[in-house]
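A short worksheet on the structure shown next.
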Amino acid sequence: MKRWMSIVVCMMAGVLSSCAEKGLHDSYDGAFLIGAAVGSEEVDHPYRFPMRKERDEWNVLHREFNTLTAENLMKWMYMHPKPGLYHFDDADEFIEEAESNGHAVVGHALVWHAMIPDWVFEQKRNVPISADGLEERMRDHIHTIAGRYRGRIAYWDVVNEAVDLRHVTDENGKTVEEAFLRPSKWMQILGATYIELAFRFAAEADPSAKLLYNDYSMTHPAKAQFVADMCRQLRARGVRVDGVGMQAHWHLEYPSASELQQVLDIFREAELPVHITELDLGVLPRANTMQDADIHRDVALAAELNPYTEAVPEEVLAAQAARYAALFEVLYANRDLVERVTFWGVHDGDSWLNNWPVKGRTAHPLLFDRALQRKPAYDAILNVPTGEHSEQ
Ligand code: XIL
């Protein structure tokens, strides 16, 4: 149909809004939700995280995505900075904006070892709190926050990054990866039961929210298997775990499509729906050999680690598009298992990778550039469901 004809049809039908420009999520309608994290590094108050998004950025968010995550503002250190002191204004505003534009809202994250103040784990300064005391603090935190937004949060990241990986030598002398529970303060004070408690409190506080376990390095089979077994054991104890979140801070060099498929198979076997919760695909030189997202890393800035300060070469953008498309092909083929794919930011200027694991780089991991223009990766992903993309 010619464009002027379609405009006339729209006007005649009086449904101008339904003729609105389509976005990425329309391509994946019926497959999985497509989302983005909303946030910024512009902290101008010690405890608040104003979003200060420009309208044009919100327009992109509302057109392209149908689920939003608050990148930072629901984290313990921002939302519950002192005993008895909660900041809800920013989250209220964020959730209203998301709801009034039809998004499924994701809450991130209730229990995590990072971005949490020390007082949570202390009776008084430098004196650890008892297990009962910490359990009570956790209950209060989860009941207060998840309770406040009861019925309005589609998915909660209930526990974040409880599992770590290390290298060990197996009986054949081979170095292999082994997963284990991270010895966080949660773990030291409460033991492994803290994970179960968090899920139980979240289920009490918001029975309709789906509850997720979220972590990085989830394309490593040892970690995926450990997480799958952990969730299976929780379920066997009557704890509701509705799925796993794979953070997916990925890179041009990893993971491969077959590595991704391998861990999806592990979660399928364990009957755990999968959410890709924090997707980005870095193109800068790797600062270390790790494939993790440990936020405490801090590698010194060096020119060779920051090659694309002015522009990104076209071949790099093409390689990024091809890698994104190859991974989305796997996700789309597993759409009965995958419930959601959320990008960790909207445009490259917004990405946390500008400051992690090296502060002050010019990163290019997302689908929109700094001028909010679509990158080749956008089209590559858009076309996966129609099969227009061909593997390169
Ligand atoms: C990151 C945010 O993107 C940054 O703005 C913040 O400075 C540090 O945290 N895993 C997670 C996310 O679960 O919460 C982290 O987000 C990235 C790694």
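How things are named: the first chain in the structure tokens is A, the next is B, and so on; residues count from 1 in each chain; ligands count from 1 in the order shown.
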
- Exercise answer, 10 Å around ligand 1 with only C-alpha atoms and all ligand atoms, as a ChimeraX atom specification: /A:37-43,49,70-75,108-109,112,114-115,157,159-161,214-216,245-249,277-279,292-296,344-345,350-356

- Tell me, as an NGL selection string, which residues lie within 9 Å of Lys375 in chain A, counting only C-alpha atoms; anything in the same chain fewer than 3 positions away does not count. :A and (317 or 321 or 366-369 or 372 or 378-379)

Give me a file of those residues, with N, CA, C and O atoms, as a CSV table (one decimal), in the first residue's frame.
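Done, and the output landed in out-v3.csv:
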chain,number,residue,atom,x,y,z
A,317,LEU,N,31.3,-2.7,13.5
A,317,LEU,CA,29.8,-2.7,13.7
A,317,LEU,C,29.2,-3.9,12.9
A,317,LEU,O,28.2,-4.5,13.4
A,321,ALA,N,26.9,-6.8,14.6
A,321,ALA,CA,25.6,-7.1,14.1
A,321,ALA,C,25.5,-8.6,13.9
A,321,ALA,O,24.5,-9.3,14.3
A,366,LEU,N,25.6,-1.3,22.5
A,366,LEU,CA,24.2,-1.4,22.4
A,366,LEU,C,23.6,-1.3,21.0
A,366,LEU,O,24.4,-1.3,20.0
A,367,LEU,N,22.3,-1.1,20.8
A,367,LEU,CA,21.7,-1.1,19.5
A,367,LEU,C,21.6,0.3,18.9
A,367,LEU,O,21.4,0.4,17.7
A,368,PHE,N,21.7,1.3,19.8
A,368,PHE,CA,21.6,2.7,19.3
A,368,PHE,C,22.9,3.4,19.6
A,368,PHE,O,23.5,3.2,20.7
A,369,ASP,N,23.4,4.3,18.7
A,369,ASP,CA,24.6,5.1,18.9
A,369,ASP,C,24.3,6.3,19.8
A,369,ASP,O,23.1,6.5,20.3
A,372,LEU,N,21.4,8.4,19.2
A,372,LEU,CA,20.1,7.6,19.2
A,372,LEU,C,19.7,7.1,17.9
A,372,LEU,O,18.6,6.8,17.6
A,378,TYR,N,20.9,-3.3,15.2
A,378,TYR,CA,19.5,-3.2,15.4
A,378,TYR,C,18.8,-4.0,14.2
A,378,TYR,O,17.9,-4.8,14.5
A,379,ASP,N,19.2,-3.6,13.0
A,379,ASP,CA,18.5,-4.3,11.8
A,379,ASP,C,18.7,-5.8,11.8
A,379,ASP,O,17.8,-6.6,11.5

- helix (DSSP H, G or I) per DSSP on the backbone: members of range 71-231 of chain A, as a ChimeraX atom specification: /A:76-79,89-100,118-121,131-148,185-190,193-205,221-231

- Return as a PyMOL selection string the full set of residues in range 142-309 of chain A whose backbone-based DSSP assignment is strand (DSSP E). chain A and resi 155-160+163-169+175-181+210-215+243-246+249-251+274-282

- Note on the structure: Computed gap from CA of Phe199 in chain A to CA of Val127 in chain A is 26.9 Å
